[in-house]
Amino acid sequence: MTWTFTDDVDAFLEAAGAFLAARPAENTLLLTVTATLRDSGPGAYGPEPPVLGWWRGADGEVAGALVRTPPFVPILGTAAAEAVEALAHALPLPGVNADRDTARALAARWPRHRVDEEHRLYRLGTLVPPSPAPAGGPRAATTADRTVLVEWLKAFGRETGQSGDRAEPIVDERTAHGGLTLWETDGVPVSMAGVSRRIAGMVRVASVYTPPEHRGRGYAAAVTAEASRVAREGGAREVLLFTDLANPTSNGVYRRIGYEAVSDRLLITAEPR
């Protein structure tokens, strides 16, 4: 019963890939991060090599997995209680991104900590597009939209406290697989929603953004509903998204169009004594 760590994404997926795919909703972050590492290389998130780990129980089966891409804190997927206990001794943790109970249990071991973010994972149930729909309509983004999409993704990062360093490759990758939807009125884009590539039957809606001058008109709900519809009709069994619990507006919007709460996650940073 031990944790094994590597910086080799192929070795990690060979060991833990089936475990992650068995519960794609709970492991959505690990699935998408490792897909990016596999496709873009170990430097996709920064110059330091990633830390990829899995835990095997007494029966030899994988029962826990973790991914860290410095400088970001480790992301813990589904994990048995024994795996969480062992992790506290196996790897120095500068913080953790995990489900609420697990994050709290690990943080209780640190002299001090702070909760930086609280997110809720939602799963699409019965899709309920806004009615009446706002003015305009949806369309798939193309390479001709690259400049505005990159600008919007960077603005989204600034507003949510995320880095915009990867805006260009994210836009290029999502445009290539049809993973960016625009809502436009009179030929002018007014809102966007991105969708990750399908992995283990799962996609995740992300980077829903409406510029300030176009907000309050229902565009975000409409474009999210359209991106969700396309993903589901394209074969996704799980259509997911995360919301910031500090933003009741977005949580309300997604519930109204058919998203149902799955679980909460905390991003906690350890602080010196």
# chains A, B, ... in the order shown; residues from 1 in each chain; ligands from 1

$ residues_around --residues "Ala18 in chain A" --least-positions-apart "5" --cutoff "10 Å" --atoms "only C-alpha atoms" --output "JSON, numbers by chain"
{"A": [13, 23, 24, 62, 200]}

$ select_by_dssp --residues "range 8-231 of chain A" --states "strand (DSSP E or B)" --output "JSON, numbers by chain"
{"A": [51, 52, 53, 54, 55, 56, 62, 63, 64, 65, 66, 67, 68, 75, 76, 77, 78, 79, 95, 96, 97, 98, 99, 112, 113, 114, 115, 116, 117, 118, 119, 120, 121, 122, 123, 124, 137, 138, 139, 140, 180, 181, 182, 183, 184, 185, 188, 189, 190, 191, 192, 193, 194, 195, 199, 202, 203, 204, 205, 206, 207, 208, 209]}

$ write_last_selection --atoms "C-alpha atoms" --output "compact mmCIF listing (two decimals), in the first residue's frame"
# COMPACT_ATOMS: atom_id res chain seq x y z
CA VAL A 51 4.41 15.23 -10.41
CA LEU A 52 2.00 12.40 -11.18
CA GLY A 53 1.11 9.85 -8.53
CA TRP A 54 -1.07 6.82 -7.88
CA TRP A 55 -1.76 4.71 -4.80
CA ARG A 56 -2.34 0.96 -4.74
CA VAL A 62 -5.18 1.66 -7.89
CA ALA A 63 -7.38 3.51 -5.41
CA GLY A 64 -6.09 7.07 -5.54
CA ALA A 65 -4.46 9.49 -7.97
CA LEU A 66 -2.84 12.92 -7.92
CA VAL A 67 -1.46 15.38 -10.46
CA ARG A 68 0.68 18.43 -9.76
CA ILE A 75 -4.96 18.11 -7.64
CA LEU A 76 -6.28 15.03 -5.89
CA GLY A 77 -8.87 12.89 -7.63
CA THR A 78 -10.94 10.15 -6.07
CA ALA A 79 -8.93 8.46 -3.33
CA GLY A 95 -1.57 22.95 -0.63
CA VAL A 96 -4.22 20.84 -2.30
CA ASN A 97 -7.16 20.98 -4.68
CA ALA A 98 -9.54 18.24 -3.56
CA ASP A 99 -13.12 17.47 -2.57
CA ARG A 112 -1.89 27.15 9.23
CA HIS A 113 -3.73 27.28 5.94
CA ARG A 114 -6.02 29.47 3.89
CA VAL A 115 -8.91 28.56 1.62
CA ASP A 116 -8.26 30.30 -1.70
CA GLU A 117 -11.16 29.00 -3.77
CA GLU A 118 -14.41 27.06 -3.32
CA HIS A 119 -15.84 25.44 -6.42
CA ARG A 120 -18.93 23.37 -7.12
CA LEU A 121 -18.95 20.66 -9.75
CA TYR A 122 -22.16 20.41 -11.76
CA ARG A 123 -23.41 17.70 -14.11
CA LEU A 124 -25.91 18.39 -16.90
CA GLY A 137 -27.86 33.15 -32.20
CA PRO A 138 -24.98 30.69 -31.79
CA ARG A 139 -22.23 29.57 -34.10
CA ALA A 140 -19.01 27.60 -33.84
CA LEU A 180 -15.58 27.02 -28.76
CA THR A 181 -19.09 28.38 -29.27
CA LEU A 182 -19.96 32.03 -29.82
CA TRP A 183 -23.24 33.88 -29.39
CA GLU A 184 -23.48 36.81 -31.74
CA THR A 185 -25.94 39.55 -32.53
CA VAL A 188 -20.91 40.71 -33.65
CA PRO A 189 -19.74 38.13 -31.07
CA VAL A 190 -21.09 38.96 -27.60
CA SER A 191 -20.36 35.85 -25.52
CA MET A 192 -18.42 32.57 -25.64
CA ALA A 193 -18.29 29.14 -24.00
CA GLY A 194 -15.52 26.59 -24.32
CA VAL A 195 -15.73 22.81 -24.04
CA ILE A 199 -12.21 11.98 -22.57
CA MET A 202 -16.75 13.31 -20.38
CA VAL A 203 -16.46 16.94 -21.46
CA ARG A 204 -16.28 20.02 -19.28
CA VAL A 205 -17.69 23.43 -20.14
CA ALA A 206 -15.19 26.15 -19.26
CA SER A 207 -14.25 29.75 -19.94
CA VAL A 208 -17.79 31.08 -20.24
CA TYR A 209 -17.23 34.78 -20.80

$ closest_residue --among "A:Arg217, A:Thr142, A:Glu168, A:Gly125" --to "Tyr254 in chain A" --atoms "only C-alpha atoms"
A:Gly125

$ residues_around --residues "Ala58 in chain A" --least-positions-apart "6" --cutoff "12 Å" --atoms "only C-alpha atoms" --output "ChimeraX atom specification"
/A:1-3,80,82-83

$ select_by_dssp --residues "range 17-170 of chain A" --states "helix (DSSP H, G or I)" --output "PyMOL selection string"
chain A and resi 17-22+28-40+81-90+100-107+143-160+167-170

$ closest_residue --among "A:Gly136, A:Pro74, A:Pro272, A:Pro50" --to "Leu29 in chain A" --atoms "only C-alpha atoms"
A:Pro74

$ closest_residue --among "A:Val150, A:Ala167, A:Val9, A:Val84" --to "Leu31 in chain A" --atoms "only C-alpha atoms"
A:Val9

$ residues_around --residues "Glu159 in chain A" --least-positions-apart "6" --cutoff "12 Å" --atoms "only C-alpha atoms" --output "PyMOL selection string"
chain A and resi 152-153+207-212+244+247

$ write_last_selection --atoms "all heavy atoms" --output "compact mmCIF listing (two decimals), in the first residue's frame"
# COMPACT_ATOMS: atom_id res chain seq x y z
N TRP A 152 -10.56 37.70 -25.03
CA TRP A 152 -11.60 37.36 -24.05
C TRP A 152 -11.08 36.35 -23.02
O TRP A 152 -11.39 36.46 -21.84
CB TRP A 152 -12.82 36.79 -24.75
CG TRP A 152 -13.67 37.83 -25.43
CD1 TRP A 152 -13.41 39.18 -25.53
CD2 TRP A 152 -14.91 37.60 -26.10
NE1 TRP A 152 -14.41 39.80 -26.22
CE2 TRP A 152 -15.35 38.87 -26.59
CE3 TRP A 152 -15.67 36.48 -26.35
CZ2 TRP A 152 -16.53 39.01 -27.30
CZ3 TRP A 152 -16.86 36.61 -27.07
CH2 TRP A 152 -17.28 37.87 -27.53
N LEU A 153 -10.29 35.37 -23.48
CA LEU A 153 -9.80 34.37 -22.53
C LEU A 153 -8.83 35.01 -21.54
O LEU A 153 -8.83 34.66 -20.35
CB LEU A 153 -9.11 33.24 -23.29
CG LEU A 153 -8.92 31.93 -22.51
CD1 LEU A 153 -10.25 31.41 -22.00
CD2 LEU A 153 -8.23 30.88 -23.38
N SER A 207 -14.53 28.45 -19.33
CA SER A 207 -14.25 29.75 -19.94
C SER A 207 -15.49 30.38 -20.55
O SER A 207 -15.47 30.89 -21.68
CB SER A 207 -13.15 29.62 -21.01
OG SER A 207 -12.01 28.98 -20.50
N VAL A 208 -16.59 30.35 -19.80
CA VAL A 208 -17.79 31.08 -20.24
C VAL A 208 -17.54 32.55 -19.94
O VAL A 208 -17.32 32.95 -18.80
CB VAL A 208 -19.04 30.57 -19.49
CG1 VAL A 208 -20.26 31.37 -19.91
CG2 VAL A 208 -19.24 29.08 -19.75
N TYR A 209 -17.60 33.37 -20.98
CA TYR A 209 -17.23 34.78 -20.80
C TYR A 209 -18.10 35.68 -21.68
O TYR A 209 -18.31 35.41 -22.87
CB TYR A 209 -15.77 35.01 -21.14
CG TYR A 209 -15.33 36.45 -20.95
CD1 TYR A 209 -15.10 36.95 -19.68
CD2 TYR A 209 -15.16 37.30 -22.04
CE1 TYR A 209 -14.72 38.27 -19.49
CE2 TYR A 209 -14.78 38.63 -21.86
CZ TYR A 209 -14.57 39.10 -20.57
OH TYR A 209 -14.19 40.42 -20.38
N THR A 210 -18.58 36.75 -21.06
CA THR A 210 -19.29 37.82 -21.76
C THR A 210 -18.62 39.14 -21.40
O THR A 210 -18.48 39.44 -20.21
CB THR A 210 -20.77 37.88 -21.34
OG1 THR A 210 -21.38 36.60 -21.55
CG2 THR A 210 -21.51 38.93 -22.14
N PRO A 211 -18.18 39.93 -22.37
CA PRO A 211 -17.59 41.23 -22.05
C PRO A 211 -18.56 42.10 -21.25
O PRO A 211 -19.79 41.98 -21.41
CB PRO A 211 -17.31 41.85 -23.43
CG PRO A 211 -17.21 40.68 -24.36
CD PRO A 211 -18.19 39.67 -23.83
N PRO A 212 -18.04 42.95 -20.37
CA PRO A 212 -18.91 43.74 -19.48
C PRO A 212 -20.02 44.50 -20.20
O PRO A 212 -21.14 44.58 -19.69
CB PRO A 212 -17.92 44.69 -18.80
CG PRO A 212 -16.62 43.97 -18.81
CD PRO A 212 -16.60 43.18 -20.10
N ASP A 244 -17.65 29.00 -9.33
CA ASP A 244 -17.11 29.59 -8.11
C ASP A 244 -18.28 29.81 -7.15
O ASP A 244 -19.23 30.52 -7.48
CB ASP A 244 -16.43 30.91 -8.45
CG ASP A 244 -15.75 31.58 -7.26
OD1 ASP A 244 -16.03 31.18 -6.10
OD2 ASP A 244 -14.96 32.51 -7.48
N ASN A 247 -19.81 33.18 -6.45
CA ASN A 247 -20.58 33.88 -7.50
C ASN A 247 -21.98 33.27 -7.59
O ASN A 247 -22.21 32.34 -8.37
CB ASN A 247 -19.85 33.77 -8.84
CG ASN A 247 -20.51 34.61 -9.92
OD1 ASN A 247 -21.68 34.95 -9.84
ND2 ASN A 247 -19.75 34.95 -10.94

$ atom_distance --atom1 "CA of Ala270 in chain A" --atom2 "CA of Pro92 in chain A"
10.4 Å

$ closest_residue --among "A:Ala44, A:Ile257, A:Val171, A:Ala236" --to "Ala144 in chain A" --atoms "only C-alpha atoms"
A:Val171

$ atom_distance --atom1 "CA of Arg229 in chain A" --atom2 "CA of Pro129 in chain A"
9.0 Å

$ closest_residue --among "A:Gly60, A:Gly179, A:Pro42, A:Gly234" --to "Ala16 in chain A" --atoms "only C-alpha atoms"
A:Gly60

$ atom_distance --atom1 "CA of Glu238 in chain A" --atom2 "CA of Gly201 in chain A"
6.3 Å

$ closest_residue --among "A:Leu106, A:Val148, A:Ala135, A:Ala25" --to "Ala86 in chain A" --atoms "only C-alpha atoms"
A:Leu106
